[in-house]
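Asker: The structure file query21.cif (mmCIF, C-alpha atoms and all ligand atoms) is provided below.
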data_work
loop_
_atom_site.label_atom_id
_atom_site.label_comp_id
_atom_site.auth_asym_id
_atom_site.auth_seq_id
_atom_site.Cartn_x
_atom_site.Cartn_y
_atom_site.Cartn_z
CA MET A 1454 -17.45 -1.85 14.73
CA PRO A 1455 -15.23 -1.49 17.82
CA LEU A 1456 -11.48 -1.45 17.31
CA ALA A 1457 -9.41 -4.12 18.94
CA GLU A 1458 -7.22 -2.08 21.23
CA ILE A 1459 -4.39 -3.30 23.41
CA ASN A 1460 -2.53 -0.66 25.47
CA GLY A 1461 -3.99 2.03 23.20
CA GLN A 1462 -2.46 0.34 20.16
CA ILE A 1463 -4.87 -0.81 17.45
CA ASP A 1464 -4.52 -4.23 15.88
CA ILE A 1465 -3.94 -4.55 12.14
CA VAL A 1466 -6.22 -7.21 10.65
CA GLN A 1467 -4.67 -9.98 8.57
CA VAL A 1468 -5.60 -11.49 5.22
CA GLY A 1469 -8.53 -13.87 5.61
CA GLU A 1470 -10.82 -11.25 7.22
CA SER A 1471 -13.68 -10.18 4.96
CA VAL A 1472 -13.32 -6.50 5.94
CA LEU A 1473 -10.18 -6.43 3.75
CA ARG A 1474 -12.31 -7.51 0.76
CA GLN A 1475 -15.20 -5.04 1.04
CA LYS A 1476 -15.53 -1.84 -0.94
CA ALA A 1477 -15.17 0.81 1.75
CA THR A 1478 -17.89 3.45 2.11
CA GLU A 1479 -17.33 7.17 1.56
CA LEU A 1480 -17.26 9.62 4.46
CA SER A 1481 -19.39 12.79 4.57
CA VAL A 1482 -17.86 16.16 5.49
CA ASP A 1483 -19.57 15.99 8.89
CA GLU A 1484 -18.20 12.52 9.51
CA ILE A 1485 -14.66 13.60 8.54
CA LEU A 1486 -14.79 16.52 10.97
CA SER A 1487 -16.25 14.41 13.81
CA SER A 1488 -14.12 13.72 16.86
CA GLU A 1489 -14.54 9.99 16.21
CA ILE A 1490 -12.83 10.16 12.79
CA GLN A 1491 -10.24 12.70 13.95
CA ASP A 1492 -9.38 10.34 16.80
CA LEU A 1493 -9.26 7.40 14.39
CA ILE A 1494 -6.76 9.28 12.17
CA GLU A 1495 -4.45 9.81 15.17
CA LYS A 1496 -4.69 6.12 16.09
CA MET A 1497 -3.97 5.06 12.50
CA LYS A 1498 -0.96 7.39 12.38
CA ALA A 1499 0.39 5.80 15.57
CA ALA A 1500 -0.31 2.25 14.31
CA MET A 1501 1.40 2.96 10.94
CA ARG A 1502 4.48 4.38 12.66
CA ALA A 1503 4.62 1.53 15.18
CA ALA A 1504 4.34 -1.20 12.52
CA PRO A 1505 6.34 0.43 10.82
CA GLY A 1506 4.74 1.03 7.45
CA VAL A 1507 4.43 3.75 4.79
CA GLY A 1508 0.64 3.58 4.58
CA LEU A 1509 -2.37 2.22 6.42
CA ALA A 1510 -5.95 2.03 5.14
CA ALA A 1511 -8.97 2.02 7.47
CA PRO A 1512 -10.10 -1.51 6.42
CA GLN A 1513 -6.77 -2.73 7.82
CA ILE A 1514 -7.94 -1.76 11.29
CA GLY A 1515 -11.37 -3.27 10.72
CA ARG A 1516 -13.16 -0.14 9.47
CA PRO A 1517 -14.52 -0.33 5.89
CA ILE A 1518 -14.41 3.44 5.26
CA GLN A 1519 -12.61 5.41 2.51
CA LEU A 1520 -9.73 6.72 4.60
CA ALA A 1521 -5.98 6.03 4.54
CA VAL A 1522 -2.89 7.57 6.13
CA ILE A 1523 0.46 7.80 4.33
CA GLU A 1524 4.00 8.74 5.40
CA ASP A 1525 7.29 7.71 3.80
CA VAL A 1526 10.18 9.47 5.49
CA SER A 1527 12.49 6.72 6.77
CA HIS A 1528 14.86 5.55 4.02
CA SER A 1529 18.01 4.60 5.93
CA HIS A 1530 17.62 0.91 4.97
CA LEU A 1531 17.97 1.74 1.26
CA THR A 1532 21.11 2.65 -0.72
CA PRO A 1533 21.18 5.84 -2.83
CA GLN A 1534 21.04 3.57 -5.91
CA GLN A 1535 17.92 1.75 -4.63
CA LEU A 1536 16.25 5.09 -3.85
CA ALA A 1537 17.05 6.33 -7.38
CA GLU A 1538 15.78 3.12 -9.05
CA ARG A 1539 12.53 3.35 -7.11
CA ASP A 1540 12.20 7.11 -7.62
CA ARG A 1541 11.60 7.19 -3.86
CA HIS A 1542 11.59 10.51 -2.03
CA PRO A 1543 10.35 11.61 1.40
CA VAL A 1544 6.57 11.97 1.66
CA PRO A 1545 5.34 13.77 4.80
CA PHE A 1546 2.37 12.48 6.81
CA HIS A 1547 -0.99 13.09 5.19
CA VAL A 1548 -4.51 11.68 4.99
CA ILE A 1549 -6.53 10.69 1.91
CA ILE A 1550 -10.32 10.39 2.10
CA ASN A 1551 -12.80 9.29 -0.64
CA PRO A 1552 -9.97 9.11 -3.23
CA ARG A 1553 -10.33 8.75 -6.99
CA ILE A 1554 -7.16 7.62 -8.76
CA TYR A 1555 -6.21 8.15 -12.41
CA VAL A 1556 -3.12 6.97 -14.29
CA GLU A 1557 -1.37 9.94 -15.94
CA LYS A 1558 -0.52 10.03 -19.67
CA ASP A 1559 3.25 10.01 -19.09
CA SER A 1560 3.01 6.91 -16.86
CA ARG A 1561 4.66 3.56 -17.54
CA ASN A 1562 4.55 0.37 -15.50
CA VAL A 1563 7.45 -0.79 -13.32
CA GLU A 1564 7.88 -3.90 -11.18
CA PHE A 1565 9.15 -3.80 -7.62
CA PHE A 1566 8.71 -5.89 -4.49
CA GLU A 1567 6.20 -4.72 -1.93
CA GLY A 1568 4.67 -6.03 1.25
CA CYS A 1569 1.56 -5.31 3.28
CA LEU A 1570 0.91 -4.90 7.01
CA SER A 1571 -2.12 -7.20 6.52
CA ILE A 1572 -0.04 -10.00 4.93
CA VAL A 1573 2.73 -10.19 7.50
CA GLY A 1574 5.92 -12.00 6.57
CA PHE A 1575 5.45 -12.05 2.79
CA VAL A 1576 6.60 -9.93 -0.15
CA GLY A 1577 6.05 -10.10 -3.89
CA ALA A 1578 6.72 -8.14 -7.06
CA VAL A 1579 3.88 -5.98 -8.37
CA SER A 1580 3.68 -3.98 -11.59
CA ARG A 1581 2.37 -0.47 -10.90
CA ALA A 1582 2.00 2.83 -12.73
CA THR A 1583 4.82 5.37 -12.21
CA SER A 1584 2.60 8.44 -12.44
CA VAL A 1585 -0.87 8.96 -10.98
CA ARG A 1586 -3.28 11.73 -10.05
CA VAL A 1587 -5.44 11.36 -6.95
CA GLU A 1588 -8.44 13.55 -6.21
CA CYS A 1589 -9.54 13.27 -2.59
CA LEU A 1590 -10.36 15.12 0.60
CA ASN A 1591 -7.88 15.76 3.39
CA GLU A 1592 -8.52 15.44 7.15
CA ARG A 1593 -10.12 18.92 7.17
CA ALA A 1594 -12.54 17.74 4.41
CA GLU A 1595 -10.84 20.06 1.90
CA PRO A 1596 -10.53 18.90 -1.73
CA VAL A 1597 -6.96 18.04 -2.71
CA ILE A 1598 -5.37 16.95 -5.99
CA ILE A 1599 -2.17 14.93 -5.63
CA TYR A 1600 0.22 14.39 -8.54
CA ALA A 1601 2.49 11.51 -7.54
CA LYS A 1602 5.39 9.76 -9.24
CA GLY A 1603 7.63 6.82 -8.46
CA TRP A 1604 7.34 5.11 -5.08
CA TYR A 1605 4.75 7.60 -3.83
CA ALA A 1606 2.53 6.67 -6.80
CA ARG A 1607 3.00 3.00 -5.81
CA ILE A 1608 1.98 3.69 -2.19
CA LEU A 1609 -1.15 5.52 -3.34
CA GLN A 1610 -2.12 2.65 -5.67
CA HIS A 1611 -1.56 0.10 -2.86
CA GLU A 1612 -3.59 2.07 -0.29
CA ILE A 1613 -6.45 2.96 -2.66
CA ASP A 1614 -6.61 -0.72 -3.67
CA HIS A 1615 -7.29 -1.46 0.03
CA LEU A 1616 -10.29 0.90 -0.07
CA ASN A 1617 -11.68 -1.18 -2.95
CA GLY A 1618 -11.12 -4.51 -1.22
CA VAL A 1619 -8.06 -5.32 -3.35
CA LEU A 1620 -4.77 -6.66 -1.95
CA TYR A 1621 -1.35 -6.71 -3.63
CA ILE A 1622 -1.58 -10.52 -3.82
CA ASP A 1623 -4.35 -9.96 -6.42
CA ARG A 1624 -1.81 -8.19 -8.65
CA VAL A 1625 1.43 -9.95 -7.66
CA ILE A 1626 3.65 -11.67 -10.24
CA LEU A 1627 2.82 -15.00 -8.65
CA PRO A 1628 6.17 -16.86 -8.82
CA THR A 1629 7.78 -13.94 -6.96
CA LEU A 1630 5.53 -14.27 -3.88
CA MET A 1631 7.81 -15.38 -1.02
CA THR A 1632 8.59 -14.94 2.63
CA GLU A 1633 10.34 -11.73 3.54
CA GLU A 1634 13.05 -13.88 5.14
CA ASN A 1635 13.76 -15.70 1.87
CA TYR A 1636 13.71 -12.45 -0.09
CA VAL A 1637 16.44 -11.03 2.15
CA LYS A 1638 18.38 -14.31 2.31
CA LEU A 1639 18.19 -15.38 -1.34
CA TRP A 1640 17.10 -12.64 -3.73
CA LYS A 1641 17.83 -9.16 -2.37
CA GLY A 1642 19.56 -6.96 -4.96
CA LYS A 1643 18.47 -9.16 -7.91
CA SER A 1644 16.13 -7.78 -10.58
CA VAL A 1645 12.47 -8.81 -10.64
CA LYS A 1646 13.02 -10.46 -14.06
CA GLU A 1647 15.90 -12.53 -12.67
CA ILE A 1648 13.89 -13.56 -9.60
CA GLN A 1649 10.82 -14.36 -11.69
CA SER A 1650 12.78 -16.60 -14.07
CA GLY A 1651 14.53 -18.29 -11.15
CA LEU A 1652 11.21 -19.17 -9.52
CA THR A 1653 8.83 -19.86 -12.40
CA PRO A 1654 7.80 -23.54 -12.60
CA THR A 1655 9.55 -25.30 -15.49
CA VAL A 1656 6.39 -27.14 -16.57
CA ASN A 1657 3.31 -25.55 -18.06
CA LEU A 1658 0.33 -25.12 -15.76
CA PRO A 1659 -2.26 -26.50 -15.34
CA LEU A 1660 -0.80 -29.99 -15.25
CA ASP A 1661 -2.69 -32.96 -16.59
CA TYR A 1662 -2.88 -35.80 -14.10
ZN ZN B 1 -1.41 -3.08 2.42
#
Show how you would write the structure in this file as structure tokens.

Answerer:
Amino acid sequence: MPLAEINGQIDIVQVGESVLRQKATELSVDEILSSEIQDLIEKMKAAMRAAPGVGLAAPQIGRPIQLAVIEDVSHSHLTPQQLAERDRHPVPFHVIINPRIYVEKDSRNVEFFEGCLSIVGFVGAVSRATSVRVECLNERAEPVIIYAKGWYARILQHEIDHLNGVLYIDRVILPTLMTEENYVKLWKGKSVKEIQSGLTPTVNLPLDY
């Protein structure tokens, strides 16, 4: 499938395209080492940085293959307290290919707001594991085991979901789904519990008509 390219920049596909809902196929060692995939990784890195985002999965650029890029190094928009609450630390650029993800024994679930480059303009709270192990290949087709905690564990869960055709809106605490603009204007700094109770319908669903 050709990539939509404008000025060398690849387009990020938006929710509603079936490629975001497919289970992506695994890459062979030969495919990983091919110039086509190496070139694709560079383009995905550039697209992620331009967006900007902390992760980008191949289905998001129209390619249903088991490959994602991750980088979380820019934290100037967050206070030290927010960084501590999220257990968020710098993660250098890296590539995950054919990942398997496992929740670690010491993990618990925490709720935070997240967004997605394929669902532009919206955010919602998602409960995710705080501690995961990922077994995958890197861009040199070498086996890697990643032990991730906190926000990095959240990024991995979000990106690996993409490779299985799953979006955060499938896991979102539904009343908390809102525009990014309203999140900033009305709810920023409030806890997920507070936001959820402020936005949950006061009648039981489904309604009888
Ligand atoms: Zn996403």

Asker: Select, from A:Val1587, A:Val1625, A:Ala1578, A:Ile1549, the residue with the minimum atom-to-atom distance to Glu1647 in chain A, counting all atoms listed in the file.

Answerer: A:Ala1578

Asker: Given the choices A:Lys1643, A:His1615, A:Lys1476, A:Arg1593, which gets closest to Ile1514 in chain A if the distance is worked out from only C-alpha atoms?

Answerer: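 Among the listed residues, the smallest separation from Ile1514 in chain A belongs to A:His1615.
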
Asker: Once you count only C-alpha atoms and all ligand atoms, which residues end up within 6 Å of ligand ZN 1 (chain B), and could you hand them over as a ChimeraX atom specification?

Answerer: /A:1569-1571

Asker: Counting only C-alpha atoms, what are the residues of range 1603-1650 of chain A within 9 Å of range 1468-1474 of chain A, and for each of them which pair of atoms is the nearest and at what distance in Å, to one decimal? Sort the table by chain and rising number, as a Markdown table.

Answerer:
| residue | atom | partner | partner_atom | distance |
| --- | --- | --- | --- | --- |
| A:His1615 | CA | A:Leu1473 | CA | 6.8 |
| A:Leu1616 | CA | A:Leu1473 | CA | 8.3 |
| A:Asn1617 | CA | A:Arg1474 | CA | 7.4 |
| A:Gly1618 | CA | A:Arg1474 | CA | 3.8 |
| A:Val1619 | CA | A:Arg1474 | CA | 6.3 |
| A:Leu1620 | CA | A:Leu1473 | CA | 7.9 |

Asker: Given the choices A:Ile1608, A:Leu1493, A:Val1466, A:Val1637, which gets closest to Phe1575 in chain A if the distance is worked out from all atoms listed in the file?

Answerer: A:Val1637

Asker: Counting only C-alpha atoms, figure out which residue out of A:Asp1559, A:Ile1554, A:Asp1483, A:Asp1464 gets nearest to Arg1586 in chain A.

Answerer: A:Ile1554

Asker: Excluding range 1541-1546 of chain A and any residue of its chain fewer than 4 positions from it, enumerate the residues within 12 Å of it, using only C-alpha atoms, and give them as an MDAnalysis selection string.

Answerer: chainID A and resid 1494:1495 1497:1499 1501:1502 1506:1509 1521:1529 1531:1537 1565 1583 1591:1592 1599 1601:1609

Asker: Could you check the closest approach to Glu1634 in chain A for each of A:Val1579, A:Val1573, A:Leu1480, A:Leu1660 and tell me which residue wins, using all atoms listed in the file?

Answerer: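 With all atoms listed in the file as the atom set, the closest residue is A:Val1573.
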
Asker: Could you check the closest approach to Gln1519 in chain A for each of A:Arg1539, A:Arg1553, A:His1547, A:Lys1496 and tell me which residue wins, using only C-alpha atoms?

Answerer: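 Checking each candidate against Gln1519 in chain A, we get A:Arg1553 as the closest.
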
Asker: Near Glu1479 in chain A, within 8 Å and counting all atoms listed in the file, which residues show up once chain neighbours fewer than 6 positions away are dropped, as a ChimeraX atom specification?

Answerer: /A:1518-1519,1550-1551

Asker: At a cut-off of 7 Å, using all atoms listed in the file, what residues contact range 1626-1632 of chain A? Leave out same-chain residues fewer than 4 positions from it and give the result as number ranges by chain.

Answerer: A: 1574-1579, 1636, 1648-1649, 1652-1653

Asker: With 4 Å of padding per side, what axis-aligned box (centre and edge lengths, Å, one decimal) covers all the listed atoms of range 1525-1538 of chain A? Give it as JSON.

Answerer:
{"center_x": 14.2, "center_y": 5.2, "center_z": -1.1, "size_x": 21.9, "size_y": 16.6, "size_z": 23.8}

Asker: Using CA of Asp1492 in chain A and CA of Leu1590 in chain A as the two end points, give the distance in Å to one decimal.

Answerer: 16.9 Å

Asker: In Å, how far is it from CA of Ser1584 in chain A to CA of Ile1465 in chain A?

Answerer: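 Interatomic distance here is 28.6 Å.
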
Asker: Would you mind reading off the distance between CA of Ala1582 in chain A and CA of Val1597 in chain A, one decimal, in Å?

Answerer: 20.3 Å
